[in-house]
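K.L.:
So here's entry.csv, just CSV, C-alpha atoms and all ligand atoms:
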chain,number,residue,atom,x,y,z
D,5,LEU,CA,21.2,-5.0,13.0
D,6,LEU,CA,20.2,-1.6,11.4
D,7,THR,CA,17.7,-1.6,8.6
D,8,LEU,CA,17.1,1.4,6.3
D,9,ALA,CA,13.6,1.1,4.9
D,10,ILE,CA,11.8,2.9,2.1
D,11,GLU,CA,8.1,3.1,1.5
D,12,THR,CA,6.6,4.7,-1.6
D,13,SER,CA,3.6,2.6,-2.5
D,14,CYS,CA,1.1,5.4,-2.6
D,15,ASP,CA,1.2,9.1,-1.6
D,16,GLU,CA,3.6,9.0,1.4
D,17,THR,CA,7.4,9.2,0.7
D,18,SER,CA,8.8,7.6,3.8
D,19,VAL,CA,12.3,6.5,5.0
D,20,ALA,CA,13.1,4.9,8.4
D,21,VAL,CA,16.0,3.5,10.3
D,22,ILE,CA,15.1,0.5,12.5
D,23,LYS,CA,17.1,-1.4,15.0
D,24,ASN,CA,16.5,-5.1,15.3
D,25,GLY,CA,13.0,-4.9,13.8
D,26,ARG,CA,11.6,-3.4,17.0
D,27,GLU,CA,13.1,0.0,17.7
D,28,ILE,CA,12.6,3.2,15.6
D,29,LEU,CA,15.7,5.4,15.3
D,30,SER,CA,14.0,7.6,12.7
D,31,ASN,CA,10.8,7.5,10.6
D,32,ILE,CA,10.4,10.4,8.2
D,33,ILE,CA,7.0,10.6,6.5
D,34,SER,CA,6.5,13.2,3.8
D,35,SER,CA,2.8,13.2,2.8
D,36,GLN,CA,1.6,14.5,-0.5
D,37,ILE,CA,-2.0,14.7,0.7
D,38,ASP,CA,-2.4,18.4,0.1
D,39,ILE,CA,-1.4,18.0,-3.5
D,40,HIS,CA,-3.9,15.1,-4.1
D,41,LYS,CA,-6.7,16.6,-2.0
D,42,LYS,CA,-8.0,18.9,-4.8
D,43,PHE,CA,-8.4,15.9,-7.1
D,44,GLY,CA,-10.5,13.9,-4.5
D,45,GLY,CA,-8.0,11.1,-4.4
D,46,VAL,CA,-4.4,10.1,-5.3
D,47,VAL,CA,-3.3,10.8,-8.8
D,48,PRO,CA,-0.7,8.1,-9.7
D,49,GLU,CA,1.5,10.1,-12.1
D,50,ILE,CA,1.7,13.1,-9.7
D,51,ALA,CA,2.6,10.7,-6.8
D,52,SER,CA,5.5,9.2,-8.8
D,53,ARG,CA,6.9,12.6,-9.7
D,54,LYS,CA,6.7,13.8,-6.1
D,55,HIS,CA,8.5,10.6,-4.8
D,56,ILE,CA,11.3,11.2,-7.3
D,57,GLU,CA,11.7,14.8,-6.2
D,58,SER,CA,11.9,14.0,-2.5
D,59,ILE,CA,13.3,10.5,-2.0
D,60,ASN,CA,17.0,11.5,-1.8
D,61,ASN,CA,16.4,14.2,0.7
D,62,ILE,CA,14.2,12.0,2.9
D,63,ILE,CA,16.9,9.3,2.9
D,64,LYS,CA,19.4,11.8,4.2
D,65,GLU,CA,17.0,13.2,6.7
D,66,ALA,CA,16.3,9.7,8.0
D,67,LEU,CA,20.0,8.9,8.5
D,68,ASN,CA,20.6,12.3,10.1
D,69,THR,CA,17.7,11.9,12.5
D,70,ALA,CA,18.9,8.4,13.5
D,71,GLY,CA,22.4,9.8,13.9
D,72,VAL,CA,23.9,7.2,11.6
D,73,GLY,CA,25.6,7.1,8.2
D,74,PHE,CA,25.3,4.7,5.2
D,75,LYS,CA,28.3,2.7,6.6
D,76,ASP,CA,26.2,1.7,9.7
D,77,ILE,CA,23.4,0.2,7.7
D,78,ASP,CA,23.2,-3.6,7.5
D,79,LEU,CA,20.1,-4.2,5.5
D,80,VAL,CA,17.8,-2.4,3.1
D,81,GLY,CA,14.1,-3.0,3.0
D,82,VAL,CA,11.6,-1.6,0.5
D,83,THR,CA,7.9,-2.0,-0.3
D,84,ARG,CA,7.6,-4.1,-3.5
D,85,GLY,CA,3.8,-4.1,-3.6
D,86,PRO,CA,0.9,-3.8,-3.5
D,87,GLY,CA,0.5,-0.2,-4.6
D,88,LEU,CA,0.9,2.1,-7.5
D,89,VAL,CA,3.4,0.9,-10.1
D,90,GLY,CA,5.1,4.2,-10.8
D,91,ALA,CA,5.2,5.1,-7.1
D,92,LEU,CA,6.6,1.7,-6.1
D,93,LEU,CA,9.3,1.9,-8.8
D,94,VAL,CA,10.8,5.0,-7.3
D,95,GLY,CA,11.4,3.4,-3.9
D,96,ILE,CA,12.6,0.1,-5.4
D,97,SER,CA,15.1,1.8,-7.7
D,98,SER,CA,16.5,3.8,-4.8
D,99,ALA,CA,16.7,0.7,-2.5
D,100,LYS,CA,18.4,-1.4,-5.2
D,101,ALA,CA,21.0,1.3,-5.8
D,102,LEU,CA,21.7,1.6,-2.1
D,103,ALA,CA,22.0,-2.1,-1.5
D,104,TYR,CA,24.2,-2.6,-4.5
D,105,GLY,CA,26.4,0.4,-3.7
D,106,LEU,CA,26.8,-0.5,0.0
D,107,ASP,CA,27.0,-4.2,-0.8
D,108,ILE,CA,24.4,-5.2,1.8
D,109,PRO,CA,21.3,-7.4,1.5
D,110,LEU,CA,18.0,-6.1,0.2
D,111,ILE,CA,14.5,-7.4,1.1
D,112,GLY,CA,11.4,-6.6,-1.0
D,113,VAL,CA,8.6,-6.2,1.5
D,114,ASN,CA,4.8,-6.8,1.2
D,115,HIS,CA,3.2,-3.6,2.2
D,116,ILE,CA,0.4,-5.4,4.0
D,117,GLU,CA,2.9,-7.4,6.0
D,118,GLY,CA,4.4,-4.1,6.9
D,119,HIS,CA,1.1,-2.9,8.3
D,120,ILE,CA,1.0,-6.0,10.5
D,121,CYS,CA,4.6,-5.5,11.7
D,122,ALA,CA,3.8,-1.9,12.8
D,123,ASN,CA,2.6,-3.7,15.9
D,124,TYR,CA,6.1,-5.1,16.7
D,125,LEU,CA,7.3,-1.5,16.8
D,126,THR,CA,4.6,-0.4,19.2
D,127,HIS,CA,4.5,-3.5,21.4
D,128,GLU,CA,8.0,-4.5,22.4
D,129,ARG,CA,7.0,-8.0,23.6
D,130,LEU,CA,4.3,-8.9,21.1
D,131,GLU,CA,4.9,-12.3,19.5
D,132,PRO,CA,2.9,-14.5,17.2
D,133,PRO,CA,0.7,-16.4,17.1
D,134,PHE,CA,-2.3,-14.0,17.0
D,135,THR,CA,-5.5,-13.3,15.3
D,136,CYS,CA,-5.2,-10.3,13.0
D,137,LEU,CA,-7.6,-7.8,11.3
D,138,VAL,CA,-5.9,-5.8,8.6
D,139,VAL,CA,-8.1,-2.8,7.6
D,140,SER,CA,-6.4,-0.3,5.3
D,141,GLY,CA,-7.3,2.0,2.5
D,142,GLY,CA,-7.2,-0.7,-0.2
D,143,HIS,CA,-7.4,-4.0,1.7
D,144,SER,CA,-9.3,-5.9,4.3
D,145,TYR,CA,-8.0,-9.2,5.6
D,146,LEU,CA,-8.8,-11.4,8.5
D,147,LEU,CA,-5.9,-13.8,9.2
D,148,TYR,CA,-4.1,-15.9,11.7
D,149,ALA,CA,-0.4,-15.0,12.1
D,150,LYS,CA,1.3,-18.3,13.0
D,151,GLY,CA,4.8,-16.9,13.0
D,152,TYR,CA,6.5,-13.6,12.2
D,153,VAL,CA,6.4,-14.2,8.5
D,154,ASP,CA,3.8,-17.0,8.3
D,155,TYR,CA,0.1,-16.1,7.7
D,156,GLU,CA,-3.0,-18.1,7.3
D,157,LEU,CA,-5.4,-16.0,5.3
D,158,VAL,CA,-9.0,-16.7,6.5
D,159,GLY,CA,-11.1,-13.8,5.1
D,160,ARG,CA,-10.9,-10.8,2.7
D,161,THR,CA,-13.2,-8.2,1.3
D,162,ARG,CA,-15.2,-9.2,-1.8
D,163,ASP,CA,-15.6,-5.6,-2.9
D,164,ASP,CA,-14.6,-2.4,-1.2
D,165,ALA,CA,-11.9,-2.3,1.5
D,166,ALA,CA,-12.9,-0.9,4.9
D,167,GLY,CA,-10.9,2.3,4.5
D,168,GLU,CA,-12.2,2.7,1.0
D,169,ALA,CA,-15.8,2.6,2.4
D,170,PHE,CA,-15.0,5.3,5.0
D,171,ASP,CA,-13.5,7.5,2.2
D,172,LYS,CA,-16.4,7.0,-0.2
D,173,VAL,CA,-19.1,7.7,2.4
D,174,ALA,CA,-17.0,10.7,3.6
D,175,ARG,CA,-16.9,12.0,0.0
D,176,ALA,CA,-20.7,11.7,-0.3
D,177,LEU,CA,-20.9,13.8,2.8
D,178,GLY,CA,-18.7,16.4,1.2
D,179,ILE,CA,-15.6,15.6,3.3
D,180,PRO,CA,-12.3,15.8,1.5
D,181,TYR,CA,-10.0,12.8,1.0
D,182,PRO,CA,-9.1,10.9,3.1
D,183,GLY,CA,-12.3,11.1,5.0
D,184,GLY,CA,-11.8,8.2,7.4
D,185,PRO,CA,-10.4,10.2,10.2
D,186,VAL,CA,-13.1,12.9,9.9
D,187,ILE,CA,-15.9,10.2,10.0
D,188,ASP,CA,-14.2,9.0,13.2
D,189,GLU,CA,-14.4,12.5,14.8
D,190,LEU,CA,-18.0,13.2,13.6
D,191,SER,CA,-19.1,9.8,15.0
D,192,LYS,CA,-18.2,10.8,18.5
D,193,ARG,CA,-20.9,13.5,18.3
D,194,GLY,CA,-23.5,11.4,16.5
D,195,ASN,CA,-26.0,8.7,17.5
D,196,PRO,CA,-24.9,5.3,16.1
D,197,HIS,CA,-28.5,4.0,16.3
D,198,ALA,CA,-30.1,6.9,14.5
D,199,ILE,CA,-30.2,5.1,11.1
D,200,ASP,CA,-30.4,1.4,10.7
D,201,PHE,CA,-27.8,0.7,8.0
D,202,PRO,CA,-27.3,-3.0,7.0
D,203,ARG,CA,-24.7,-5.3,8.6
D,204,ILE,CA,-23.4,-7.5,5.8
D,205,PHE,CA,-22.3,-10.8,7.3
D,206,LEU,CA,-22.5,-12.9,4.1
D,207,GLU,CA,-22.8,-16.7,4.6
D,208,ASP,CA,-23.1,-18.0,8.2
D,209,ASN,CA,-19.5,-19.2,8.6
D,210,SER,CA,-17.8,-16.8,6.2
D,211,TYR,CA,-14.9,-14.7,7.3
D,212,ASP,CA,-15.1,-12.5,4.2
D,213,PHE,CA,-16.3,-8.9,4.2
D,214,SER,CA,-18.5,-6.8,1.9
D,215,PHE,CA,-18.9,-3.1,2.2
D,216,SER,CA,-20.2,-1.9,-1.1
D,217,GLY,CA,-23.8,-2.6,-0.1
D,218,LEU,CA,-23.5,-0.6,3.0
D,219,LYS,CA,-21.9,2.3,1.0
D,220,THR,CA,-24.8,2.2,-1.4
D,221,ALA,CA,-27.3,2.2,1.5
D,222,VAL,CA,-25.7,5.3,2.9
D,223,LEU,CA,-25.8,7.0,-0.6
D,224,ASN,CA,-29.5,6.0,-1.0
D,225,TYR,CA,-30.3,7.4,2.4
D,226,LEU,CA,-28.6,10.7,1.6
D,227,ASN,CA,-30.4,11.0,-1.7
D,228,GLY,CA,-33.8,10.1,-0.1
D,229,GLU,CA,-33.4,12.7,2.6
D,230,LYS,CA,-32.3,15.4,0.1
D,231,GLN,CA,-35.3,14.6,-2.2
D,232,ASN,CA,-37.7,14.9,0.7
D,233,LYS,CA,-36.0,18.1,1.8
D,234,ARG,CA,-35.3,16.6,5.2
D,235,GLU,CA,-32.3,17.9,7.2
D,236,ILE,CA,-29.3,15.5,7.2
D,237,ILE,CA,-27.6,15.2,10.5
D,238,VAL,CA,-24.1,14.5,9.3
D,239,GLU,CA,-22.9,13.3,12.8
D,240,ASP,CA,-25.7,10.7,12.9
D,241,VAL,CA,-25.0,9.4,9.4
D,242,ALA,CA,-21.3,9.1,10.2
D,243,ALA,CA,-21.9,7.4,13.6
D,244,SER,CA,-24.5,5.0,12.1
D,245,PHE,CA,-22.3,4.1,9.2
D,246,GLN,CA,-19.2,3.6,11.3
D,247,GLN,CA,-21.2,1.4,13.8
D,248,ALA,CA,-22.4,-0.8,10.9
D,249,VAL,CA,-18.8,-1.3,9.7
D,250,LEU,CA,-17.4,-1.9,13.2
D,251,ASP,CA,-20.1,-4.4,14.2
D,252,VAL,CA,-19.2,-6.7,11.3
D,253,LEU,CA,-15.4,-6.3,11.6
D,254,VAL,CA,-15.4,-6.9,15.4
D,255,ASP,CA,-17.9,-9.8,15.3
D,256,LYS,CA,-15.8,-11.7,12.7
D,257,THR,CA,-12.5,-11.0,14.3
D,258,PHE,CA,-13.6,-12.3,17.7
D,259,ARG,CA,-15.3,-15.3,16.1
D,260,LEU,CA,-12.0,-16.2,14.5
D,261,ALA,CA,-10.1,-15.7,17.7
D,262,ARG,CA,-12.5,-18.0,19.5
D,263,GLU,CA,-12.3,-20.6,16.8
D,264,ASN,CA,-8.5,-20.6,17.0
D,265,ASP,CA,-8.6,-20.4,20.8
D,266,SER,CA,-6.4,-17.4,20.3
D,267,LYS,CA,-5.9,-15.0,23.3
D,268,LYS,CA,-4.4,-12.1,21.2
D,269,ILE,CA,-6.1,-9.9,18.7
D,270,VAL,CA,-4.0,-7.5,16.6
D,271,LEU,CA,-5.4,-4.6,14.5
D,272,ALA,CA,-3.4,-3.2,11.5
D,273,GLY,CA,-3.8,-0.7,8.7
D,274,GLY,CA,-5.2,2.9,8.6
D,275,VAL,CA,-8.6,2.0,10.0
D,276,ALA,CA,-6.9,0.6,13.1
D,277,ALA,CA,-6.5,4.3,14.0
D,278,ASN,CA,-10.3,4.5,14.4
D,279,LYS,CA,-11.1,5.3,17.9
D,280,GLY,CA,-14.5,3.6,17.8
D,281,LEU,CA,-12.9,0.4,16.5
D,282,ARG,CA,-10.2,0.5,19.2
D,283,ALA,CA,-12.8,1.1,22.0
D,284,LEU,CA,-15.2,-1.6,20.8
D,285,VAL,CA,-12.4,-4.2,20.5
D,286,GLU,CA,-10.9,-3.4,23.9
D,287,GLU,CA,-14.3,-3.6,25.6
D,288,LYS,CA,-15.1,-6.9,24.0
D,289,GLY,CA,-11.5,-8.1,24.7
D,290,LYS,CA,-11.9,-7.4,28.4
D,291,LYS,CA,-15.1,-9.4,28.5
D,292,GLU,CA,-13.7,-12.4,26.7
D,293,GLY,CA,-10.2,-12.4,28.2
D,294,ILE,CA,-8.4,-11.5,25.0
D,295,GLU,CA,-5.5,-9.2,24.8
D,296,ILE,CA,-5.8,-6.4,22.3
D,297,PHE,CA,-3.0,-4.7,20.3
D,298,TYR,CA,-2.9,-2.0,17.7
D,299,PRO,CA,-0.1,0.3,16.4
D,300,SER,CA,0.4,3.9,17.6
D,301,LYS,CA,-1.7,6.2,15.5
D,302,ILE,CA,1.2,7.4,13.3
D,303,LEU,CA,2.2,3.8,12.6
D,304,CYS,CA,-1.3,2.7,11.5
D,305,THR,CA,-1.1,4.6,8.2
D,306,ASP,CA,1.7,4.3,5.7
D,307,ASN,CA,5.2,4.7,7.0
D,308,ALA,CA,8.7,3.2,6.3
D,309,ALA,CA,9.2,2.1,9.9
D,310,MET,CA,6.7,-0.8,9.5
D,311,ILE,CA,8.5,-1.8,6.3
D,312,GLY,CA,11.8,-1.9,8.2
D,313,SER,CA,10.4,-4.1,10.8
D,314,ALA,CA,8.9,-6.5,8.2
D,315,ALA,CA,12.2,-6.5,6.3
D,316,TYR,CA,14.1,-7.5,9.5
D,317,PHE,CA,11.8,-10.3,10.4
D,318,ASN,CA,11.9,-11.7,6.8
D,319,TYR,CA,15.7,-11.4,6.8
D,320,ILE,CA,16.3,-13.2,10.1
D,321,ASN,CA,13.7,-15.9,9.1
D,322,GLY,CA,15.8,-16.8,6.1
D,323,LYS,CA,14.2,-14.9,3.2
D,324,GLU,CA,16.8,-14.5,0.6
D,325,SER,CA,18.1,-11.1,-0.5
D,326,ASP,CA,17.6,-10.6,-4.2
D,327,LEU,CA,18.2,-7.6,-6.4
D,328,GLY,CA,16.2,-9.2,-9.2
D,329,PHE,CA,12.6,-8.6,-7.9
D,330,THR,CA,10.4,-5.9,-9.4
D,331,VAL,CA,7.1,-4.1,-8.6
D,332,GLU,CA,4.1,-6.3,-7.8
D,333,PRO,CA,1.2,-3.8,-7.8
D,334,ASN,CA,-1.4,-6.5,-7.0
D,335,LEU,CA,0.7,-8.5,-4.6
D,336,GLY,CA,-1.5,-10.6,-2.2
D,337,LEU,CA,-0.7,-11.8,1.3
D,338,ASN,CA,-0.1,-15.4,0.2
T,401,LIG,P1,-3.2,-0.2,1.5
T,401,LIG,O1,-2.4,-0.2,2.7
T,401,LIG,O2,-4.4,-1.1,1.5
T,401,LIG,O3,-2.4,-0.3,0.2
T,401,LIG,P2,-3.4,2.6,2.0
T,401,LIG,O4,-1.9,2.5,2.2
T,401,LIG,O5,-3.8,3.8,1.2
T,401,LIG,O6,-3.9,1.3,1.4
T,401,LIG,P3,-3.5,3.0,4.8
T,401,LIG,O7,-2.4,4.0,4.8
T,401,LIG,O8,-3.3,1.8,5.6
T,401,LIG,O9,-4.1,2.7,3.4
T,401,LIG,O10,-4.7,3.7,5.5
T,401,LIG,C1,-5.4,4.8,4.9
T,401,LIG,C2,-6.9,4.5,5.1
T,401,LIG,O11,-7.2,4.5,6.5
T,401,LIG,C3,-7.7,5.6,4.5
T,401,LIG,O12,-8.8,4.9,3.8
T,401,LIG,C4,-8.2,6.4,5.7
T,401,LIG,O13,-9.5,7.0,5.5
T,401,LIG,C5,-8.3,5.3,6.7
T,401,LIG,N1,-8.2,5.9,8.1
T,401,LIG,C6,-7.2,6.6,8.7
T,401,LIG,N2,-7.6,7.0,9.9
T,401,LIG,C7,-8.8,6.5,10.1
T,401,LIG,C8,-9.8,6.6,11.2
T,401,LIG,N3,-9.4,7.2,12.3
T,401,LIG,N4,-11.0,6.0,11.1
T,401,LIG,C9,-11.3,5.4,9.9
T,401,LIG,N5,-10.5,5.3,8.9
T,401,LIG,C10,-9.3,5.8,9.0
T,402,MG,MG,-1.6,7.6,2.2
T,403,FE,FE,-1.0,1.1,3.5
Just give me the structure of the file as structure tokens.
P.N.:
Amino acid sequence: LLTLAIETSCDETSVAVIKNGREILSNIISSQIDIHKKFGGVVPEIASRKHIESINNIIKEALNTAGVGFKDIDLVGVTRGPGLVGALLVGISSAKALAYGLDIPLIGVNHIEGHICANYLTHERLEPPFTCLVVSGGHSYLLYAKGYVDYELVGRTRDDAAGEAFDKVARALGIPYPGGPVIDELSKRGNPHAIDFPRIFLEDNSYDFSFSGLKTAVLNYLNGEKQNKREIIVEDVAASFQQAVLDVLVDKTFRLARENDSKKIVLAGGVAANKGLRALVEEKGKKEGIEIFYPSKILCTDNAAMIGSAAYFNYINGKESDLGFTVEPNLGLN
């Protein structure tokens, strides 16, 4: 079964062709990052316009790269939310036109479910159930995946998302958007114990997250050092901040795995590309006999391949095709 998938929820225009939810035949990702960089973040109106300009060419390129034509496609998948309204609408309109014109089913996909399904593309034999930490630019979820399309949401952020915290701290350090990957690189050369930033665990048994206090602590530290004319060692700030985020993420994820007697932990979302997070989780996984999974780097951040995988698993699990859906900018996981 061949799925053509479209992702336009934010600033990547992406189209992929996926075989049976597991195999990538093509995954074209056109990033607008250089356009948005000078504004310090994604400008919604510019994002929509750029999607409109490029979507048709990227669909063609995805088909060409996969070596298939429209007639070979069995299913269309598209991100229906969460994301930017105008940006999502471009992908949804194209997907509806394709599905209608080709007379094939269409599945509207939850973007966050896509991030989780990126793991099925990287790990051929990965199957639910598993414990899953989703840490992206706009969301942080801790959940138990009971089936391919069946999630028990256990925790979420009460303020900033993990990726958002990385980007905001980066910005305060003068690093352009998106700063997460740069903080990751700087951290390798810094001392994670140099500055004692707070670890926000919330109530004893809570699986929720909170990162805005940590962000404020970093900003206060930077201001204090500047006022006292002390030298700021950027690598140490990055490493100490990153360690504070990771300590909480990893602690709660393993606690949930233990509670569910789950032997698999799966990471998803842009922050799953973080080398420090990957290393920490793998080290702890070895000690506790838990198998660790995360998507290949390119599949951690936004791409259509993950949407194709999610569309496939929804389709074969009986989710009905429907041309009537529309954008859901604030779509939750359940
Ligand atoms: P959402 O998926 O919640 O709608 P999004 O699509 O913007 O948001 P993603 O594409 O999943 O987010 O990921 C982008 C985020 O991941 C950014 O915040 C970016 O800084 C962060 N990120 C990417 N690579 C790394 C890294 N190596 N270390 C830390 N953060 C990273
Ligand atoms: Mg992006
Ligand atoms: Fe995303």
K.L.:
Could you check which of D:Val80, D:Val275, D:Leu190, D:Val47 is closest to D:Glu11, using only C-alpha atoms?
P.N.:
D:Val80
K.L.:
Would you kindly return, as a list of chain:residue names, each protein, DNA or RNA residue with an atom no farther than 8 Å from any atom of D:Ala242, considering all atoms listed in the file and excluding same-chain residues fewer than 6 positions away?
P.N.:
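Once the adjacent positions are removed, what remains is D:Ile187, D:Asp188, D:Leu190, D:Ser191, D:Gly194, D:Pro196.
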K.L.:
Between atom CA of D:Gly184 and atom CA of D:Pro48, what is the spacing in Å?
P.N.:
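Going from atom CA of D:Pro48 over to atom CA of D:Gly184, I get 20.4 Å.
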K.L.:
Find the nearest atom pair between each residue of chain D and ligand LIG 401 (chain T) for residues within 6 Å, count all atoms listed in the file, give distances in Å to one decimal, sort rows by chain and ascending number, and present the table as a tab-separated table.
P.N.:
residue	atom	partner	partner_atom	distance
D:Gly87	CA	T:LIG401	O3	5.6
D:Ser140	CA	T:LIG401	O8	3.8
D:Gly141	CA	T:LIG401	O9	3.4
D:Gly142	CA	T:LIG401	O2	3.3
D:His143	CA	T:LIG401	O2	4.2
D:Gly167	CA	T:LIG401	O12	3.4
D:Glu168	CA	T:LIG401	O12	4.9
D:Phe170	CA	T:LIG401	O13	5.8
D:Asp171	CA	T:LIG401	O13	5.2
D:Pro182	CA	T:LIG401	O13	4.6
D:Gly183	CA	T:LIG401	O13	5.0
D:Gly184	CA	T:LIG401	O13	3.2
D:Pro185	CA	T:LIG401	C8	3.8
D:Asp188	CA	T:LIG401	N4	4.9
D:Gly273	CA	T:LIG401	O8	4.0
D:Gly274	CA	T:LIG401	O10	3.2
D:Val275	CA	T:LIG401	N5	4.0
D:Ala277	CA	T:LIG401	N3	4.4
D:Asn278	CA	T:LIG401	N3	3.5
D:Thr305	CA	T:LIG401	O7	3.7
D:Asp306	CA	T:LIG401	O7	4.2
K.L.:
Keeping C-alpha atoms for every residue in the selection just given, could you write it to a file as a compact mmCIF listing (two decimals), keeping the file's coordinate frame?
P.N.:
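Wrote it out as out31.txt, contents follow:
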# COMPACT_ATOMS: atom_id res chain seq x y z
CA GLY D 87 0.50 -0.20 -4.60
CA SER D 140 -6.40 -0.30 5.30
CA GLY D 141 -7.30 2.00 2.50
CA GLY D 142 -7.20 -0.70 -0.20
CA HIS D 143 -7.40 -4.00 1.70
CA GLY D 167 -10.90 2.30 4.50
CA GLU D 168 -12.20 2.70 1.00
CA PHE D 170 -15.00 5.30 5.00
CA ASP D 171 -13.50 7.50 2.20
CA PRO D 182 -9.10 10.90 3.10
CA GLY D 183 -12.30 11.10 5.00
CA GLY D 184 -11.80 8.20 7.40
CA PRO D 185 -10.40 10.20 10.20
CA ASP D 188 -14.20 9.00 13.20
CA GLY D 273 -3.80 -0.70 8.70
CA GLY D 274 -5.20 2.90 8.60
CA VAL D 275 -8.60 2.00 10.00
CA ALA D 277 -6.50 4.30 14.00
CA ASN D 278 -10.30 4.50 14.40
CA THR D 305 -1.10 4.60 8.20
CA ASP D 306 1.70 4.30 5.70
K.L.:
I need the residue nearest D:Tyr319 from this list: D:Pro133, D:Gly73, D:Gly118, D:Pro109. Use all atoms listed in the file for the distance.
P.N.:
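Once distances to D:Tyr319 are computed over all atoms listed in the file, the minimum belongs to D:Pro109.
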K.L.:
From the list D:Asn307, D:Leu125, D:Ile32, D:Lys267, which residue is nearest ligand MG 402 (chain T) when using only C-alpha atoms and all ligand atoms?
P.N.:
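Ranked by minimum distance to ligand MG 402 (chain T), first place goes to D:Asn307.
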K.L.:
Please, which residues have at least one atom within 6 Å of an atom of ligand MG 402 (chain T), using all atoms listed in the file, listed as a ChimeraX atom specification?
P.N.:
/D:14-16,306
K.L.:
Atoms to include: C-alpha atoms. Write the selected residues as a short mmCIF file (atom, residue, chain, number, x, y, z; two decimals), in the coordinates of the input.
P.N.:
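Writing the result to out-v5.cif gives the following:
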data_model
loop_
_atom_site.label_atom_id
_atom_site.label_comp_id
_atom_site.auth_asym_id
_atom_site.auth_seq_id
_atom_site.Cartn_x
_atom_site.Cartn_y
_atom_site.Cartn_z
CA CYS D 14 1.10 5.40 -2.60
CA ASP D 15 1.20 9.10 -1.60
CA GLU D 16 3.60 9.00 1.40
CA ASP D 306 1.70 4.30 5.70
#
K.L.:
When you look at stretch 90-101 of chain D with a cut-off of 9 Å (counting all atoms listed in the file), what residues show up, excluding the ones that are within fewer than 6 positions of it in the same chain? I need them as number ranges by chain.
P.N.:
D: 8-15, 17, 48-49, 51-56, 59-60, 80-84, 110, 112, 327, 330-333
K.L.:
D:Ser58, D:Ala122, D:Phe297, D:Val19: which is nearest D:Gln36, counting all atoms listed in the file?
P.N.:
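That would be D:Ser58, the residue with the smallest distance to D:Gln36.
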K.L.:
Which one of D:Arg129, D:Lys301, D:Leu157, D:Ile28 sits closest to D:Glu117 if you count all atoms listed in the file?
P.N.:
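Smallest distance to D:Glu117 is found for D:Leu157.
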K.L.:
Taking only C-alpha atoms into account, which of D:Gly45, D:Val252, D:Ala309, D:Glu156 comes nearest D:Leu281?
P.N.:
D:Val252
K.L.:
How many Å lie between atom CA of D:Ala314 and atom CA of D:Tyr124, rounded to one decimal?
P.N.:
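Atom-to-atom, atom CA of D:Ala314 to atom CA of D:Tyr124, that is 9.1 Å.
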K.L.:
How many Å separate atom FE of ligand FE 403 (chain T) from atom CA of D:Ala149?
P.N.:
18.3 Å
K.L.:
Give as a list of chain:residue names each residue that has an atom at most 6 Å from (11.6, -3.0, 20.4) in the file, counting all atoms listed in the file.
P.N.:
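Here is the list of nearby residues: D:Arg26, D:Glu27, D:Leu125, D:Glu128.
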